[in-house]
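Q: Supplied structure: query_27.cif, mmCIF, C-alpha atoms.
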data_target
loop_
_atom_site.label_atom_id
_atom_site.label_comp_id
_atom_site.auth_asym_id
_atom_site.auth_seq_id
_atom_site.Cartn_x
_atom_site.Cartn_y
_atom_site.Cartn_z
CA MET A 719 -6.03 12.36 30.03
CA SER A 720 -9.53 13.38 28.98
CA ASP A 721 -8.78 17.10 29.45
CA VAL A 722 -5.46 16.95 27.58
CA LYS A 723 -5.23 18.51 24.11
CA ILE A 724 -2.67 16.67 21.99
CA HIS A 725 -2.21 17.66 18.37
CA PRO A 726 -2.57 14.69 15.99
CA THR A 727 1.03 15.10 14.78
CA ALA A 728 2.54 15.05 18.29
CA ILE A 729 4.15 11.85 19.59
CA VAL A 730 3.42 11.19 23.26
CA ASP A 731 4.67 7.96 24.76
CA PRO A 732 1.83 6.06 26.45
CA ASN A 733 3.94 5.79 29.62
CA ALA A 734 4.27 9.58 29.95
CA GLN A 735 2.21 11.05 32.79
CA ILE A 736 0.24 14.00 31.45
CA GLY A 737 -2.08 15.88 33.81
CA ALA A 738 -5.28 17.81 33.26
CA ASP A 739 -5.46 20.86 31.00
CA VAL A 740 -2.11 20.20 29.33
CA GLU A 741 -1.78 21.21 25.67
CA ILE A 742 0.82 19.57 23.42
CA GLY A 743 1.38 21.20 20.05
CA PRO A 744 2.20 19.95 16.55
CA PHE A 745 5.21 17.69 16.00
CA SER A 746 6.26 17.71 19.66
CA ILE A 747 7.76 14.55 21.18
CA ILE A 748 7.17 13.55 24.80
CA GLY A 749 9.18 10.60 26.13
CA PRO A 750 8.14 7.77 28.45
CA GLN A 751 9.76 9.16 31.62
CA VAL A 752 8.16 12.60 31.38
CA THR A 753 5.67 13.89 33.95
CA ILE A 754 3.69 17.10 33.34
CA ILE A 755 1.39 17.84 36.27
CA GLU A 756 -1.29 20.11 34.77
CA LYS A 757 -2.21 23.36 33.01
CA THR A 758 0.97 23.50 30.95
CA ILE A 759 1.23 24.55 27.30
CA VAL A 760 3.81 22.78 25.15
CA GLN A 761 4.01 24.45 21.74
CA SER A 762 5.19 22.92 18.46
CA HIS A 763 8.40 20.98 17.74
CA VAL A 764 9.26 20.62 21.44
CA VAL A 765 11.27 17.58 22.52
CA ILE A 766 11.06 16.43 26.15
CA GLU A 767 13.11 13.30 26.75
CA GLY A 768 14.79 11.42 29.57
CA GLU A 769 13.44 11.69 33.11
CA VAL A 770 11.75 15.09 33.34
CA ALA A 771 9.26 16.34 35.94
CA ILE A 772 7.35 19.53 35.08
CA GLY A 773 4.94 21.19 37.50
CA THR A 774 1.83 23.30 37.00
CA GLY A 775 1.10 26.29 34.78
CA ASN A 776 4.24 26.33 32.65
CA PHE A 777 4.62 27.62 29.10
CA ILE A 778 7.15 25.88 26.85
CA GLY A 779 7.82 27.59 23.54
CA HIS A 780 8.39 26.31 20.02
CA GLY A 781 11.49 24.21 19.41
CA THR A 782 12.52 23.87 23.05
CA ILE A 783 14.50 20.78 24.07
CA ILE A 784 14.31 19.60 27.68
CA GLY A 785 16.07 16.60 29.17
CA ALA A 786 18.62 15.91 26.46
CA PRO A 787 21.89 14.28 27.58
CA PRO A 788 24.46 16.69 29.03
CA GLN A 789 27.29 18.05 26.92
CA ASP A 790 29.83 16.35 29.15
CA VAL A 791 32.44 14.05 27.63
CA SER A 792 32.47 11.97 30.83
CA PHE A 793 28.72 11.26 30.69
CA SER A 794 27.57 7.66 30.35
CA PRO A 795 24.09 7.00 28.90
CA GLU A 796 23.28 4.44 31.60
CA ARG A 797 23.38 7.09 34.32
CA LYS A 798 20.01 7.95 35.82
CA THR A 799 19.77 11.74 35.79
CA LYS A 800 16.88 14.14 35.38
CA VAL A 801 15.41 17.62 35.00
CA GLU A 802 13.04 19.12 37.57
CA ILE A 803 10.97 22.18 36.65
CA GLY A 804 8.58 23.87 39.09
CA ASN A 805 5.46 25.95 38.50
CA ASP A 806 4.43 28.99 36.46
CA ASN A 807 7.62 29.24 34.42
CA VAL A 808 7.87 30.71 30.93
CA ILE A 809 10.37 28.94 28.69
CA ARG A 810 10.46 30.62 25.31
CA GLU A 811 11.48 29.41 21.85
CA TYR A 812 14.51 27.20 21.28
CA CYS A 813 15.71 26.98 24.88
CA THR A 814 17.81 23.93 25.77
CA ILE A 815 17.77 22.44 29.26
CA HIS A 816 20.05 19.43 29.72
CA ARG A 817 19.63 16.79 32.38
CA GLY A 818 22.20 16.16 35.13
CA SER A 819 25.53 14.48 34.52
CA PRO A 820 26.60 12.65 37.74
CA ASP A 821 24.49 9.59 38.46
CA GLY A 822 21.38 10.47 40.45
CA SER A 823 21.72 14.21 39.88
CA ALA A 824 19.32 16.78 38.42
CA THR A 825 19.13 20.09 36.64
CA LYS A 826 16.59 22.20 38.54
CA ILE A 827 14.43 25.24 37.75
CA GLY A 828 12.21 26.76 40.43
CA ASP A 829 8.98 28.74 40.08
CA LYS A 830 7.99 31.85 38.10
CA THR A 831 11.23 32.00 36.17
CA PHE A 832 11.41 33.46 32.66
CA LEU A 833 13.85 31.94 30.18
CA MET A 834 13.87 34.03 27.02
CA ALA A 835 14.49 32.61 23.55
CA GLY A 836 17.68 30.69 22.92
CA THR A 837 18.76 30.29 26.54
CA HIS A 838 20.97 27.30 27.32
CA ILE A 839 20.80 25.75 30.78
CA GLY A 840 23.66 23.27 31.15
CA HIS A 841 23.66 20.08 33.19
CA ASN A 842 23.19 20.37 36.95
CA CYS A 843 22.35 24.06 36.92
CA VAL A 844 20.10 25.17 39.76
CA ILE A 845 17.89 28.14 38.89
CA GLY A 846 15.85 29.73 41.69
CA ASN A 847 12.49 31.49 41.70
CA ASN A 848 11.55 34.70 39.85
CA VAL A 849 14.75 34.62 37.81
CA VAL A 850 14.87 36.30 34.39
CA ILE A 851 17.42 35.01 31.88
CA ALA A 852 17.35 37.03 28.67
CA ASN A 853 17.86 35.84 25.11
CA ASN A 854 20.83 33.67 24.18
CA CYS A 855 22.42 33.45 27.62
CA LEU A 856 24.69 30.44 28.00
CA LEU A 857 25.00 28.73 31.39
CA ALA A 858 27.62 26.01 31.64
CA GLY A 859 27.28 23.02 33.94
CA HIS A 860 26.67 23.37 37.69
CA VAL A 861 25.84 27.10 37.57
CA ARG A 862 23.62 28.25 40.44
CA VAL A 863 21.37 31.30 40.04
CA ASP A 864 19.57 32.52 43.16
CA ASP A 865 16.11 34.07 43.42
CA GLY A 866 15.29 37.29 41.61
CA ALA A 867 18.47 37.53 39.53
CA PHE A 868 18.34 39.14 36.08
CA LEU A 869 20.86 37.97 33.47
CA GLY A 870 21.15 40.26 30.46
CA GLY A 871 20.96 38.88 26.93
CA GLY A 872 23.92 37.20 25.30
CA SER A 873 25.86 36.77 28.55
CA THR A 874 27.94 33.70 29.37
CA PHE A 875 28.62 31.97 32.68
CA HIS A 876 31.44 29.56 33.53
CA GLN A 877 30.80 26.15 35.06
CA HIS A 878 30.44 25.90 38.84
CA MET A 879 29.93 29.63 39.36
CA HIS A 880 27.29 31.06 41.71
CA ILE A 881 25.10 34.10 41.02
CA GLY A 882 23.57 35.57 44.15
CA ARG A 883 20.08 36.83 44.85
CA LEU A 884 18.84 39.94 42.98
CA VAL A 885 22.02 40.27 40.94
CA MET A 886 21.62 42.43 37.83
CA VAL A 887 23.86 41.42 34.91
CA GLN A 888 24.36 43.68 31.90
CA GLY A 889 23.87 42.07 28.50
CA SER A 890 26.80 40.73 26.47
CA SER A 891 28.87 40.14 29.61
CA ALA A 892 30.97 37.13 30.62
CA PHE A 893 31.72 35.70 34.04
CA GLY A 894 33.94 33.03 35.52
CA LYS A 895 33.88 34.15 39.15
CA ASP A 896 31.02 34.28 41.65
CA LEU A 897 28.68 37.28 41.82
CA PRO A 898 27.61 38.20 45.38
CA PRO A 899 23.93 38.96 46.00
CA PHE A 900 22.52 42.43 45.34
CA VAL A 901 25.26 43.63 42.95
CA ILE A 902 25.30 45.07 39.45
CA ALA A 903 27.73 43.20 37.20
CA ALA A 904 28.95 43.78 33.67
CA GLU A 905 31.71 43.35 31.11
CA ARG A 906 34.12 40.49 31.91
CA ASN A 907 34.14 39.52 35.58
CA PHE A 908 33.44 42.97 37.01
CA VAL A 909 31.11 44.28 39.69
CA PHE A 910 30.02 47.91 39.42
CA GLY A 911 28.01 48.54 42.59
CA VAL A 912 24.85 47.67 44.51
CA ASN A 913 21.58 47.00 42.68
CA VAL A 914 19.74 49.73 44.59
CA VAL A 915 16.78 49.86 42.21
CA GLY A 916 16.34 46.09 42.46
CA LEU A 917 16.44 46.26 46.25
CA ARG A 918 13.74 48.95 46.30
CA ARG A 919 11.55 46.98 43.92
CA ALA A 920 11.98 43.94 46.16
CA SER A 921 10.74 46.04 49.12
CA PHE A 922 13.99 46.06 51.08
CA SER A 923 13.81 48.65 53.84
CA ALA A 924 16.05 51.73 53.81
CA LYS A 925 17.91 50.25 56.79
CA ASP A 926 18.59 46.99 54.98
CA ARG A 927 19.70 48.85 51.85
CA ASP A 928 22.11 50.98 53.88
CA GLU A 929 23.54 47.93 55.63
CA ILE A 930 24.04 46.13 52.31
CA LYS A 931 25.86 49.21 51.00
CA ALA A 932 28.04 49.24 54.12
CA ALA A 933 28.89 45.56 53.66
CA PHE A 934 29.67 46.15 49.98
CA LYS A 935 32.00 49.05 50.81
CA LEU A 936 33.73 47.00 53.49
CA VAL A 937 34.49 44.20 51.03
CA TYR A 938 35.27 46.27 47.95
CA LEU A 939 36.29 49.78 49.02
CA SER A 940 37.88 49.59 52.48
CA GLY A 941 41.35 48.59 51.33
CA LEU A 942 41.15 45.44 53.45
CA ASN A 943 41.60 41.99 52.01
CA ILE A 944 38.64 39.58 52.13
CA SER A 945 39.72 37.91 55.38
CA GLN A 946 40.28 41.25 57.10
CA ALA A 947 36.97 42.62 55.83
CA LEU A 948 35.10 39.58 57.11
CA GLU A 949 36.82 39.81 60.50
CA LYS A 950 35.77 43.44 60.81
CA ALA A 951 32.23 42.61 59.66
CA ALA A 952 31.95 40.07 62.48
CA THR A 953 32.17 42.96 64.95
CA MET A 954 29.42 44.97 63.24
CA LYS A 955 25.71 44.85 64.02
CA LEU A 956 24.08 43.88 60.73
CA ASP A 957 20.73 42.31 59.90
CA VAL A 958 20.04 39.28 57.69
CA PRO A 959 20.37 40.83 54.18
CA ALA A 960 23.82 42.33 54.81
CA ARG A 961 24.88 39.07 56.47
CA GLU A 962 23.66 37.22 53.38
CA PHE A 963 26.05 39.31 51.27
CA LEU A 964 28.95 38.69 53.66
CA ASP A 965 28.23 34.97 54.05
CA PHE A 966 28.23 34.61 50.26
CA VAL A 967 31.66 36.30 50.08
CA ALA A 968 32.98 34.07 52.86
CA ASN A 969 31.80 30.90 51.09
CA ALA A 970 32.95 31.81 47.56
CA LYS A 971 35.99 29.56 47.74
CA LYS A 972 36.01 27.61 44.48
CA ARG A 973 35.87 30.51 42.02
CA ALA A 974 36.26 33.60 44.29
CA ILE A 975 34.17 36.73 43.73
CA CYS A 976 34.29 39.18 40.84
CA PRO A 977 36.33 42.30 41.62
CA LEU A 978 35.08 45.88 41.53
CA LYS A 979 35.78 47.77 38.31
CA ARG A 980 38.39 50.41 39.09
CA GLY A 981 36.99 53.89 38.65
CA ALA A 982 33.42 52.61 38.46
CA ASN A 983 30.67 54.90 39.67
CA GLU A 984 29.28 52.61 42.36
CA SER A 985 25.53 52.69 42.95
CA CYS A 986 25.92 52.66 46.71
#
Spit out the file's structure as structure tokens when you get a sec.
A:
Amino acid sequence: MSDVKIHPTAIVDPNAQIGADVEIGPFSIIGPQVTIIEKTIVQSHVVIEGEVAIGTGNFIGHGTIIGAPPQDVSFSPERKTKVEIGNDNVIREYCTIHRGSPDGSATKIGDKTFLMAGTHIGHNCVIGNNVVIANNCLLAGHVRVDDGAFLGGGSTFHQHMHIGRLVMVQGSSAFGKDLPPFVIAAERNFVFGVNVVGLRRASFSAKDRDEIKAAFKLVYLSGLNISQALEKAATMKLDVPAREFLDFVANAKKRAICPLKRGANESC
């Protein structure tokens, strides 16, 4: 720990594993089961407790709490659960990331994700790579957010829901149903169209964008029910991105997918 910078007022358990070039700020508390690989900045008044593994190059802002017990009335303190955080993430002020609830489970955050101030990540959430979650978003337990999604500030997400890749969510929205990949979503449980700008920025080809639009229209605008739309899609020649959209729809069994807003001006 010769390259570690620990402020004199911080409390770091001697059993914590702290790698090279880690900085721990004033009045922060690091528990005995915490591992921080290297090159991570932990600012002031941060609490990291329970079993937590943090990778390389992360930034953890003032007042953040990571690894606290889940807000689950069925949770028992003797359960062995954890938080796993990857590399190059930015976790801003006052975020809360709770550890898993079922025994042996984990809350997981991937790489290069940006959690803005006040974000709550509930127990057993799985957050992918390059995700942006804006200020004061609330994710209940077991929410999955796939790569490249953007969740607008102040939005709320029901337990066990799934947010697909490159979804764009408008701020101050609320969702209790699944959001298929590549869509724009807003208000309360509504989809408004395809995230065309996001697809372009992610370097999707014109062909892939057109096929995603075709799949979207088949599911939402054809007048067919989901089963009929999926049966018709099976006869179409579509590449991987459009199939990703359709496979998501086919597998959204627990919560179903958000409907299209009637009269919306679809971006497709």
Q: Which residues would end up in the selection if the PyMOL selection byres ((chain A and resi 974) around 9) were applied here, given that I need the answer as a list of chain:residue names?
A: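 Here the PyMOL selection byres ((chain A and resi 974) around 9) matches A:Met879, A:Lys895, A:Asp896, A:Leu897, A:Val967, A:Asn969, A:Ala970, A:Lys971, A:Lys972, A:Arg973, A:Ile975, A:Cys976.
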Q: Which value, in Å to one decimal, gives the distance between atom CA of A:Lys826 and atom CA of A:Pro744?
A: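 Atom-to-atom, atom CA of A:Lys826 and atom CA of A:Pro744 are spaced 26.4 Å apart.
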Q: For a quick check of understanding, using only C-alpha atoms, which of A:Tyr938, A:Pro899, A:Phe832, A:Gly981 has the smallest distance to A:Arg961?
A: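 Looking only at the distances to A:Arg961, the closest residue turns out to be A:Pro899.
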Q: Have a look at A:Glu811, A:Val844, A:Glu796, A:Ala734 and name the one nearest to A:Val760; count all atoms listed in the file.
A: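 Nearest candidate to A:Val760 out of A:Glu811, A:Val844, A:Glu796, A:Ala734: A:Glu811.
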Q: Could you check how far atom CA of A:Asn853 sits from atom CA of A:Val915, in Å to one decimal?
A: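 Calculated distance between atom CA of A:Asn853 and atom CA of A:Val915 is 22.1 Å.
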Q: Report as a PyMOL selection string the residues that result from applying the PyMOL selection byres ((chain A and resi 835) around 10) to the structure here.
A: chain A and resi 779-782+809-814+832-834+836-838+851-855+871
Q: Could you give me, as a PyMOL selection string, the residues that sit within 8 Å of (26.1, 26.3, 44.4) in the file's coordinates, counting all atoms listed in the file?
A: chain A and resi 844+860-862+878-880
Q: Export, as a CSV table (one decimal), in the coordinates of the input, the selected residues with C-alpha atoms.
A:
chain,number,residue,atom,x,y,z
A,844,VAL,CA,20.1,25.2,39.8
A,860,HIS,CA,26.7,23.4,37.7
A,861,VAL,CA,25.8,27.1,37.6
A,862,ARG,CA,23.6,28.2,40.4
A,878,HIS,CA,30.4,25.9,38.8
A,879,MET,CA,29.9,29.6,39.4
A,880,HIS,CA,27.3,31.1,41.7
Q: Determine the nearest neighbour of A:Pro898 from the options A:Ala920, A:Ile881, A:Met886, A:Ala824, counting only C-alpha atoms.
A: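 So, comparing all the options, the nearest one is A:Ile881.
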Q: Between A:Ala947, A:Leu869, A:Val937, A:Ile754, which has the minimum distance to A:Thr774 (counting only C-alpha atoms)?
A: A:Ile754
Q: Tell me, as JSON, numbers by chain, which residues lie within 12 Å of A:Ala932, counting all atoms listed in the file; anything in the same chain fewer than 2 positions away does not count.
A: {"A": [911, 912, 925, 926, 927, 928, 929, 930, 934, 935, 936, 937, 938, 939, 940, 947, 950, 951, 954, 955, 956, 957, 959, 960, 961, 963, 964, 985, 986]}
Q: Can you tell me how far atom CA of A:Ile839 sits from atom CA of A:Ile755, in Å to one decimal?
A: 21.7 Å
Q: For A:Phe745, which residue among A:Ala924, A:Val730, A:Val791, A:Leu917 is the nearest when counting all atoms listed in the file?
A: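 Using all atoms listed in the file, the shortest distance to A:Phe745 belongs to A:Val730.
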Q: For the structure provided, state which residues fall under the PyMOL selection byres ((chain A and resi 819) around 12), and present them as a ChimeraX atom specification.
A: /A:785-801,816-818,820-825,840-843,859-860
Q: Go through A:Leu948, A:Phe910, A:Glu962, A:Asp739 and flag the residue nearest A:Arg980, using only C-alpha atoms for the distances.
A: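 Of A:Leu948, A:Phe910, A:Glu962, A:Asp739, the one nearest A:Arg980 is A:Phe910, counting only C-alpha atoms.
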Q: Take the point (11.0, 31.5, 37.0) as written in the file and pick out every residue within 10 Å of it, counting all atoms listed in the file; give the list as number ranges by chain.
A: A: 776, 803-809, 827-833, 845-851, 865-867
Q: Please identify all polymer residues within 7 Å of A:Phe900, counting all atoms listed in the file, omitting same-chain residues fewer than 3 positions from it, and present them as a list in words.
A: Arg883, Leu884, Val885, Val912 and Asn913 of chain A
Q: Now that the selection is made, can you save its residues with C-alpha atoms as a CSV table (one decimal), keeping the file's coordinate frame?
A:
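So the final result, stored in result-v2.csv, reads:
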chain,number,residue,atom,x,y,z
A,883,ARG,CA,20.1,36.8,44.8
A,884,LEU,CA,18.8,39.9,43.0
A,885,VAL,CA,22.0,40.3,40.9
A,912,VAL,CA,24.8,47.7,44.5
A,913,ASN,CA,21.6,47.0,42.7
